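Colleague: Next up is a structure, given as structure tokens.
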Amino acid sequence: MTTESLLVLPGDEIDPSLIPTHKKNPLRLGPGLRHVPPNHILPTVAGQLVADHRKTSLYVEYNGGRYIPSVSDLVIGQVTRSAADLYYVNLNPYTPNASLPHLAFEGATKKTRPQLAPGALVYARISLANRHMDPELECVSATTGKAEGLGPLTGGMIFDISLGLARRLLMARSREAGGIAVLELLGAEGLAFETAVGRNGKVWVGSENTKTVVLVGRALKETDEKGLDVEQQKKLVQKLIKQMR
Amino acid sequence: MAQPTLTFPRPVFAKLSPHPFLLRSLCPQSESDPAGRTNGRAPREARSINIHTSSLSHAHGSAVIRTGDTTVICGVRAEVLPVASIPQFRPRAAFEEETETSKRAELKNYDLLVPNIELATGCAPQFLPGVPPTALAQTLSTRVYSLLHGSGMVDVEDLRIWKRQKKEGEMEVDEDGEEEREEQELVGYWVLYVDLLFVSFDGNPFDAAWTAVVAALKDTKLPVARWDTEREAVVCSRESRPLKVRGLPVACSAAVFLEKEYGEPGEGRHWILLDPDRLEETLCREVITMVVDCSSGETRIRAIEKQGGTVVGRELLRGFAGVAEQRWKEVSKAMQ
Amino acid sequence: MPATREPEADLSVLPKADGSARYSYAGYTVTGSVNGPIEAQRRDEHAYEAHVDVIVRPAAGVGGTRERHLETTLQSSLTQLILVKNFPRSLIQIVLQVESAPENDYVNTKLVQASLNFAIIPALLQTAVLALLSAAVPMRATATSAIVAVVSQDGASELVADPSPREVEAAQSVHVLAFTSQDELLLAESEGDFTVKEWDDVYDTAKRICCQSGATKGESIEMVLDEKGDNGPDMRQFLRSTLETKVVADLYWK
């Protein structure tokens, strides 16, 4: 993968030589960039400009800020109330609730839909995000009709993490590309737990053992706050395991 | 079937979609329909100004200003502030030289000029009864306050009240050194309360308010006050003398109207609308105010305020000084 | 009071806010927090764009008319920088807490002082921009700001960048200018007694402080000689290096 990187601030000119071009594929703009007609591409946030020539894509890598819903993101939300045919789900404090239709669950019918009380957690995908409308969620894949791991989360606990860490945890090869190995290492130590990562900066950790839930959450939070690399994560895991035993 | 054409009278169009309404008006449509603002003025044309002074009988000075549908009343009321009731009073030591800076600091430190602006309920639809002063009223008050103190129009000397003693007066109250010089002691100040009331509000409040302040101050006559030793109080005589007002700063405001209501800045055309009315003010983001004083023969700028956009750069601002000069001539003529 | 000659800033100092910054320069220290986009109150809601709410809190006491004026000024400038149209019907709240302001040792300090209006604007604006960048609120451009006073000494007038409160008081005129990162004049506030020519000189000085960058250093050498080496800080470079530190720290895993 050929990538080049460079610090950009909002409104900076991007050197045209950095913009990937391809004969057939159109350029794809990722987060943190906007296109000003006719042919200006300007960053909107401060971060590292990443150009991927293979995929002809360009985006700005940054961390921080508030989660802004975007289509097909996996998020963890909390049901605030139920209306006639949908649940209102909170993704972020002080933002308008997202709506989750009662029938957007695997195999749900009027009779068999899951009953979620206010306060229940759901792992969902954003099906509609539009600046003029409140976001909409779904817990079922529109193409396959399967849940694919989405749905209500029972037991366990939610931990808040930074948006950047959430993104890294969701990477396909989080250890190599994202430099995050803490979950892998904890699993290798023989702890039995499951996680769900929401792009809105939330991690759900579930386990039979409450101690395990707290330990995993603490390990994640510490990795996030102190910015630990893989080596330091190893040390942290060893320390925590020692403390638990 | 023919499409029914939808037509509205002008006021309805203005209410429904104000931005296209003003834009269409500014773009020349044909030879017979020249471009202009919706209020019939040219972009660089200000409303004529009417000034009437001394209309309030109980104020020491007053003025009523009317420009278009913006009407503001200003009353100046002077009250005596004895030195004894100033908590942080610090008499000037004999060796301290009196400078322009120290005089201004005196006015400011003892709060001798107190402007207040009220936007009367009903002067425009957005002002509701029974609410605390709006951000606009507070902002205007601050701007008038800054300019009043910054422009140095009022000399603190005019506001001082002295206790004068005859040479052969009692010696025990004075220190030995004082006796040789002029035997006078500062006992109090006149505090000028400058109250402004908007009776009718149709845009450009600052220009109207400032003109009213200047006109009212020029109209102000303070009673001659002195210290009465026997009664130990300040007494005023019936005779009064006019307050000396230095210079004639005139405020000149304009708003920048952009062709694209929600477009990128710097995109499309723009118009600079002098002396904007209420409709224009709601449609413009960028505003510029320049206060100039040409009374010394030379154009001196007293304040610049420009915010809310990036259209007005160096060149436009420089050019705006000429527009402000023109406005100064109009206003100074109206003042006489 | 010794004023810091170099601007200093820390980003993301408040753990609960979406973004925050502490900025100190020339005796001013301001902490700012940014939250947004969040749900707007019904009366602030705008159908097509985000409402930017600026709250200025003084170091002592509660805010008065002076703070309202500062808020209005900052709000109109920041609305230009933030891509408000991306977040219709929402609110972006910016709270700026003044922690310290340089004191004038020569006079009794009063809480209400109109001339202070001016001198504090650059610190407030700079803090707000840093906090917005820390909150990753999408923006059109960044901005930098400077304050310049014209001080007349023995008949000759001299330009002083970042004047002390004493100098502000004695100055012929005081000017605050802010420029966007595209070198456009964003904000201009001046007070005092001056001519168009003087304003022009002030504009040059302020622009040099706000907009110089490594690439155009060649031009400014001549100016440096005129100003007795007092070239002022390079605000744009400062902004960039502050953000560079943050981005490097954020992306340590890269």
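Letters for chains follow the order of the structure tokens (A, B, ...), residue numbers begin at 1 for each chain, and ligand numbers begin at 1 in the order shown.
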Output the contact residues of chain A with respect to chain C at a cut-off of 7 Å, based on only C-alpha atoms, as number ranges by chain.

Modeller: A: 7, 10-11, 44-47, 62-66, 94-96, 131-132, 178-179, 229

Colleague: Just write the chosen residues, C-alpha atoms, as a compact mmCIF listing (two decimals), in the first residue's frame.

Modeller:
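Produced file part_17.txt, reproduced below:
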# COMPACT_ATOMS: atom_id res chain seq x y z
CA LEU A 7 -0.07 17.62 8.36
CA PRO A 10 -8.55 23.50 7.61
CA GLY A 11 -8.40 25.49 4.42
CA THR A 44 -11.85 20.77 7.06
CA VAL A 45 -10.08 19.42 10.13
CA ALA A 46 -6.54 19.32 11.43
CA GLY A 47 -4.90 16.00 10.89
CA TYR A 62 -7.53 12.63 12.98
CA ASN A 63 -8.72 11.85 16.45
CA GLY A 64 -11.11 13.64 18.68
CA GLY A 65 -14.29 15.58 18.51
CA ARG A 66 -17.86 14.44 18.61
CA TYR A 94 -26.98 16.14 23.79
CA THR A 95 -27.67 15.11 20.22
CA PRO A 96 -31.02 14.28 18.63
CA ARG A 131 -27.69 16.45 7.66
CA HIS A 132 -31.31 17.54 7.48
CA GLY A 178 -3.94 0.12 13.98
CA GLY A 179 -1.27 -0.83 16.48
CA ASP A 229 2.06 1.13 21.75

Colleague: Need the shell around Asp69 of chain B: protein/DNA/RNA residues with any atom at most 7 Å away, counting only C-alpha atoms. Skip same-chain ones fewer than 2 positions apart. Format as a ChimeraX atom specification?

Modeller: /B:66-67,71,200-202

Colleague: Using DSSP on the backbone, list every residue of segment 29-274 of chain B that comes out as helix (DSSP H, G or I), and give them as JSON, numbers by chain.

Modeller: {"B": [83, 84, 85, 100, 101, 102, 103, 104, 105, 106, 107, 108, 109, 135, 136, 137, 138, 139, 140, 141, 142, 143, 144, 145, 146, 147, 148, 149, 150, 156, 157, 158, 159, 176, 177, 178, 179, 180, 205, 206, 207, 208, 209, 210, 211, 212, 213, 214, 215, 216, 217, 218, 219]}

Colleague: Using the chain letters and numbers from this document, which residues of segment 2-133 of chain C does DSSP assign to strand (DSSP E or B), as an NGL selection string?

Modeller: :C and (8-11 or 19-25 or 28-39 or 51-57 or 82 or 90-100)

Colleague: Compile the residues of chain C that lie within 6 Å of chain B, evaluated using only C-alpha atoms, and express the compilation as a PyMOL selection string.

Modeller: chain C and resi 65-66+69+76-77+114+170+184-195

Colleague: Mind checking which residues fall within 12 Å of Val76 of chain B, counting only C-alpha atoms, ignoring those fewer than 2 positions away in the same chain, and posting them as a PDB file with N, CA and C atoms, in the first residue's frame?

Modeller:
ATOM      1  N   THR B  53     -33.194  69.334  18.408  1.00  0.00           N
ATOM      2  CA  THR B  53     -32.577  69.343  19.732  1.00  0.00           C
ATOM      3  C   THR B  53     -33.455  70.081  20.737  1.00  0.00           C
ATOM      4  N   SER B  54     -33.119  69.918  22.001  1.00  0.00           N
ATOM      5  CA  SER B  54     -33.774  70.595  23.130  1.00  0.00           C
ATOM      6  C   SER B  54     -35.268  70.339  23.198  1.00  0.00           C
ATOM      7  N   SER B  55     -35.682  69.140  22.854  1.00  0.00           N
ATOM      8  CA  SER B  55     -37.116  68.897  22.923  1.00  0.00           C
ATOM      9  C   SER B  55     -37.551  68.359  24.282  1.00  0.00           C
ATOM     10  N   LEU B  56     -36.622  67.834  25.068  1.00  0.00           N
ATOM     11  CA  LEU B  56     -36.989  67.359  26.391  1.00  0.00           C
ATOM     12  C   LEU B  56     -36.721  68.482  27.397  1.00  0.00           C
ATOM     13  N   SER B  57     -37.742  68.854  28.140  1.00  0.00           N
ATOM     14  CA  SER B  57     -37.574  70.025  29.006  1.00  0.00           C
ATOM     15  C   SER B  57     -36.838  69.700  30.299  1.00  0.00           C
ATOM     16  N   HIS B  58     -36.861  68.463  30.743  1.00  0.00           N
ATOM     17  CA  HIS B  58     -36.241  68.139  32.028  1.00  0.00           C
ATOM     18  C   HIS B  58     -34.827  67.599  31.918  1.00  0.00           C
ATOM     19  N   ALA B  59     -34.343  67.440  30.688  1.00  0.00           N
ATOM     20  CA  ALA B  59     -32.967  66.973  30.528  1.00  0.00           C
ATOM     21  C   ALA B  59     -32.061  68.177  30.316  1.00  0.00           C
ATOM     22  N   HIS B  60     -30.786  68.007  30.611  1.00  0.00           N
ATOM     23  CA  HIS B  60     -29.855  69.119  30.405  1.00  0.00           C
ATOM     24  C   HIS B  60     -29.517  69.290  28.937  1.00  0.00           C
ATOM     25  N   GLY B  61     -29.723  68.244  28.189  1.00  0.00           N
ATOM     26  CA  GLY B  61     -29.519  68.328  26.757  1.00  0.00           C
ATOM     27  C   GLY B  61     -30.253  67.172  26.113  1.00  0.00           C
ATOM     28  N   SER B  62     -30.792  67.370  24.929  1.00  0.00           N
ATOM     29  CA  SER B  62     -31.512  66.266  24.301  1.00  0.00           C
ATOM     30  C   SER B  62     -31.531  66.438  22.802  1.00  0.00           C
ATOM     31  N   ALA B  63     -31.785  65.345  22.139  1.00  0.00           N
ATOM     32  CA  ALA B  63     -31.884  65.381  20.687  1.00  0.00           C
ATOM     33  C   ALA B  63     -32.798  64.257  20.216  1.00  0.00           C
ATOM     34  N   VAL B  64     -33.537  64.522  19.168  1.00  0.00           N
ATOM     35  CA  VAL B  64     -34.333  63.499  18.509  1.00  0.00           C
ATOM     36  C   VAL B  64     -33.778  63.363  17.100  1.00  0.00           C
ATOM     37  N   ILE B  73     -34.341  58.853  20.526  1.00  0.00           N
ATOM     38  CA  ILE B  73     -34.327  60.035  21.382  1.00  0.00           C
ATOM     39  C   ILE B  73     -33.160  59.895  22.333  1.00  0.00           C
ATOM     40  N   CYS B  74     -32.422  60.958  22.507  1.00  0.00           N
ATOM     41  CA  CYS B  74     -31.315  60.914  23.447  1.00  0.00           C
ATOM     42  C   CYS B  74     -31.469  62.046  24.444  1.00  0.00           C
ATOM     43  N   ALA B  78     -27.431  65.501  33.873  1.00  0.00           N
ATOM     44  CA  ALA B  78     -26.213  65.629  34.678  1.00  0.00           C
ATOM     45  C   ALA B  78     -26.583  65.524  36.146  1.00  0.00           C
ATOM     46  N   GLU B  79     -25.795  64.774  36.888  1.00  0.00           N
ATOM     47  CA  GLU B  79     -26.007  64.700  38.322  1.00  0.00           C
ATOM     48  C   GLU B  79     -24.691  64.955  39.024  1.00  0.00           C
ATOM     49  N   LEU B 113     -19.212  59.356  32.315  1.00  0.00           N
ATOM     50  CA  LEU B 113     -20.096  59.341  31.144  1.00  0.00           C
ATOM     51  C   LEU B 113     -20.767  57.978  31.118  1.00  0.00           C
ATOM     52  N   VAL B 114     -22.069  57.942  31.299  1.00  0.00           N
ATOM     53  CA  VAL B 114     -22.775  56.665  31.424  1.00  0.00           C
ATOM     54  C   VAL B 114     -23.855  56.556  30.355  1.00  0.00           C
ATOM     55  N   PRO B 115     -23.560  55.901  29.253  1.00  0.00           N
ATOM     56  CA  PRO B 115     -24.608  55.742  28.251  1.00  0.00           C
ATOM     57  C   PRO B 115     -25.462  54.501  28.529  1.00  0.00           C
ATOM     58  N   ASN B 116     -26.709  54.585  28.165  1.00  0.00           N
ATOM     59  CA  ASN B 116     -27.578  53.409  28.243  1.00  0.00           C
ATOM     60  C   ASN B 116     -28.552  53.452  27.080  1.00  0.00           C
ATOM     61  N   TRP B 190     -19.609  66.434  37.719  1.00  0.00           N
ATOM     62  CA  TRP B 190     -20.889  66.195  37.055  1.00  0.00           C
ATOM     63  C   TRP B 190     -20.806  64.820  36.402  1.00  0.00           C
ATOM     64  N   VAL B 191     -21.790  64.016  36.609  1.00  0.00           N
ATOM     65  CA  VAL B 191     -21.853  62.746  35.884  1.00  0.00           C
ATOM     66  C   VAL B 191     -22.921  62.911  34.819  1.00  0.00           C
ATOM     67  N   LEU B 192     -22.565  62.572  33.585  1.00  0.00           N
ATOM     68  CA  LEU B 192     -23.537  62.719  32.499  1.00  0.00           C
ATOM     69  C   LEU B 192     -24.170  61.366  32.199  1.00  0.00           C
ATOM     70  N   TYR B 193     -25.444  61.250  32.457  1.00  0.00           N
ATOM     71  CA  TYR B 193     -26.182  60.038  32.092  1.00  0.00           C
ATOM     72  C   TYR B 193     -26.773  60.255  30.708  1.00  0.00           C
ATOM     73  N   VAL B 194     -26.291  59.484  29.771  1.00  0.00           N
ATOM     74  CA  VAL B 194     -26.734  59.636  28.379  1.00  0.00           C
ATOM     75  C   VAL B 194     -27.703  58.491  28.091  1.00  0.00           C
ATOM     76  N   ASP B 195     -28.976  58.794  28.070  1.00  0.00           N
ATOM     77  CA  ASP B 195     -29.972  57.736  27.859  1.00  0.00           C
ATOM     78  C   ASP B 195     -30.544  57.822  26.462  1.00  0.00           C
ATOM     79  N   LEU B 196     -30.564  56.668  25.816  1.00  0.00           N
ATOM     80  CA  LEU B 196     -31.077  56.624  24.447  1.00  0.00           C
ATOM     81  C   LEU B 196     -32.286  55.706  24.404  1.00  0.00           C
ATOM     82  N   LEU B 197     -33.296  56.140  23.692  1.00  0.00           N
ATOM     83  CA  LEU B 197     -34.485  55.311  23.543  1.00  0.00           C
ATOM     84  C   LEU B 197     -34.842  55.227  22.068  1.00  0.00           C
ATOM     85  N   ALA B 212     -27.291  60.828  17.711  1.00  0.00           N
ATOM     86  CA  ALA B 212     -28.125  61.377  18.772  1.00  0.00           C
ATOM     87  C   ALA B 212     -27.275  61.774  19.973  1.00  0.00           C
ATOM     88  N   VAL B 213     -26.296  60.941  20.305  1.00  0.00           N
ATOM     89  CA  VAL B 213     -25.422  61.246  21.447  1.00  0.00           C
ATOM     90  C   VAL B 213     -24.665  62.547  21.194  1.00  0.00           C
ATOM     91  N   VAL B 214     -24.088  62.654  19.996  1.00  0.00           N
ATOM     92  CA  VAL B 214     -23.303  63.857  19.679  1.00  0.00           C
ATOM     93  C   VAL B 214     -24.200  65.090  19.708  1.00  0.00           C
ATOM     94  N   ALA B 215     -25.376  64.988  19.084  1.00  0.00           N
ATOM     95  CA  ALA B 215     -26.269  66.139  19.025  1.00  0.00           C
ATOM     96  C   ALA B 215     -26.738  66.538  20.424  1.00  0.00           C
ATOM     97  N   ALA B 216     -27.018  65.543  21.252  1.00  0.00           N
ATOM     98  CA  ALA B 216     -27.494  65.852  22.602  1.00  0.00           C
ATOM     99  C   ALA B 216     -26.383  66.457  23.446  1.00  0.00           C
ATOM    100  N   LEU B 217     -25.165  65.972  23.288  1.00  0.00           N
ATOM    101  CA  LEU B 217     -24.056  66.542  24.056  1.00  0.00           C
ATOM    102  C   LEU B 217     -23.795  67.983  23.633  1.00  0.00           C
ATOM    103  N   LYS B 218     -23.912  68.234  22.335  1.00  0.00           N
ATOM    104  CA  LYS B 218     -23.720  69.606  21.848  1.00  0.00           C
ATOM    105  C   LYS B 218     -24.797  70.534  22.396  1.00  0.00           C
ATOM    106  N   ASP B 219     -25.926  69.955  22.702  1.00  0.00           N
ATOM    107  CA  ASP B 219     -27.067  70.737  23.187  1.00  0.00           C
ATOM    108  C   ASP B 219     -27.023  70.908  24.713  1.00  0.00           C
ATOM    109  N   THR B 220     -26.116  70.151  25.363  1.00  0.00           N
ATOM    110  CA  THR B 220     -26.129  70.113  26.828  1.00  0.00           C
ATOM    111  C   THR B 220     -25.637  71.423  27.446  1.00  0.00           C
ATOM    112  N   LYS B 221     -26.409  71.898  28.425  1.00  0.00           N
ATOM    113  CA  LYS B 221     -25.985  73.090  29.181  1.00  0.00           C
ATOM    114  C   LYS B 221     -25.973  72.684  30.646  1.00  0.00           C
ATOM    115  N   LEU B 222     -24.811  72.850  31.281  1.00  0.00           N
ATOM    116  CA  LEU B 222     -24.694  72.478  32.681  1.00  0.00           C
ATOM    117  C   LEU B 222     -24.860  73.716  33.548  1.00  0.00           C
ATOM    118  N   LEU B 243     -21.900  72.835  27.496  1.00  0.00           N
ATOM    119  CA  LEU B 243     -20.799  71.870  27.607  1.00  0.00           C
ATOM    120  C   LEU B 243     -19.947  71.980  26.354  1.00  0.00           C
TER     121      LEU B 243
END

Colleague: Here is a test: counting only C-alpha atoms, which residue of B:Arg238, B:Trp210, B:Ala255, B:Glu267 is nearest to chain A?

Modeller: B:Glu267

Colleague: Give the answer as one residue: which of A:Gln233, A:Gln48, A:Asn92, A:Thr56 has the shortest atom-to-atom distance to Leu185 of chain A, using only C-alpha atoms?

Modeller: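 Among A:Gln233, A:Gln48, A:Asn92, A:Thr56, it is A:Gln233 that comes nearest to Leu185 of chain A.
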
Colleague: Can you work out which one of B:Pro82, B:Gly203, B:Pro132, B:Pro276 has the shortest atom-to-atom distance to Trp162 of chain B, counting only C-alpha atoms?

Modeller: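 With only C-alpha atoms as the atom set, the closest residue is B:Pro82.
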
Colleague: Residues at most 8 Å from Ser162 of chain A, counting only C-alpha atoms, excluding those fewer than 2 positions away in the same chain, as a VMD selection string?

Modeller: chain A and resid 63 to 64 160 164 to 166 201 224

Colleague: Using only C-alpha atoms, I'd like every residue of chain A that has an atom within 12 Å of chain B; please write them out as a list in words.

Modeller: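 Going by the stated atoms only, the list reads His35, Val36, Pro37 and Pro38 of chain A.
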
Colleague: Return the single residue from A:Pro118, A:Gly206, A:Gly151, A:Pro20 that is closest to Leu137 of chain A, with distances computed using only C-alpha atoms.

Modeller: A:Gly151

Colleague: What is the atom CA of Asn97 of chain A-atom CA of Ala129 of chain A distance in Å, reported with one decimal?

Modeller: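 Taking atom CA of Asn97 of chain A as the start and atom CA of Ala129 of chain A as the end point, the length is 12.1 Å.
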
Colleague: Name the residues in contact with segment 190-198 of chain A at a cut-off of 7 Å, using only C-alpha atoms, excluding same-chain residues fewer than 5 positions from it; report them as a count of residues only.

Modeller: 11

Colleague: May I ask for the distance between atom CA of Cys236 of chain B and atom CA of Leu186 of chain B, given in Å to one decimal place?

Modeller: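 Value for the atom CA of Cys236 of chain B-atom CA of Leu186 of chain B distance: 15.5 Å.
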
Colleague: Could you name the residues that touch Tyr88 of chain A at 7 Å or less, counting only C-alpha atoms, but leaving out those on the same chain fewer than 2 positions away, as a PyMOL selection string?

Modeller: chain A and resi 79-82+86+90+97-100

Colleague: Taking C-alpha atoms for each residue, export the selection above as a PDB file, in the first residue's frame.

Modeller:
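Wrote it out as part22.pdb, contents follow:
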ATOM      1  CA  VAL A  79     -32.779   3.108  23.902  1.00  0.00           C
ATOM      2  CA  THR A  80     -34.401   6.149  25.459  1.00  0.00           C
ATOM      3  CA  ARG A  81     -38.024   5.381  24.672  1.00  0.00           C
ATOM      4  CA  SER A  82     -40.259   3.434  22.381  1.00  0.00           C
ATOM      5  CA  LEU A  86     -39.775   2.567  16.423  1.00  0.00           C
ATOM      6  CA  ASN A  90     -29.295   7.853  21.879  1.00  0.00           C
ATOM      7  CA  ASN A  97     -32.027  10.642  19.037  1.00  0.00           C
ATOM      8  CA  ALA A  98     -31.610   8.218  16.188  1.00  0.00           C
ATOM      9  CA  SER A  99     -34.607   6.102  15.265  1.00  0.00           C
ATOM     10  CA  LEU A 100     -34.552   2.320  15.106  1.00  0.00           C
TER      11      LEU A 100
END

Colleague: Leaving out Val95 of chain C and any residue of its chain fewer than 5 positions from it, which residues lie within 6 Å of it when counting only C-alpha atoms, given as an mmCIF file with C-alpha atoms, in the first residue's frame?

Modeller:
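File around_20.cif, as written:
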data_model
loop_
_atom_site.group_PDB
_atom_site.id
_atom_site.type_symbol
_atom_site.label_atom_id
_atom_site.label_comp_id
_atom_site.auth_asym_id
_atom_site.auth_seq_id
_atom_site.Cartn_x
_atom_site.Cartn_y
_atom_site.Cartn_z
ATOM 1 C CA GLY C 32 -11.883 27.485 25.886
ATOM 2 C CA SER C 33 -14.143 24.507 25.437
ATOM 3 C CA VAL C 54 -20.104 31.964 22.151
ATOM 4 C CA ILE C 55 -19.980 32.552 25.885
#

Colleague: Give me, please, the distance in Å between atom CA of Tyr28 of chain C and atom CA of Ala123 of chain C, quoted to one decimal.

Modeller: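 Spanning atom CA of Tyr28 of chain C to atom CA of Ala123 of chain C is a straight-line distance of 6.7 Å.
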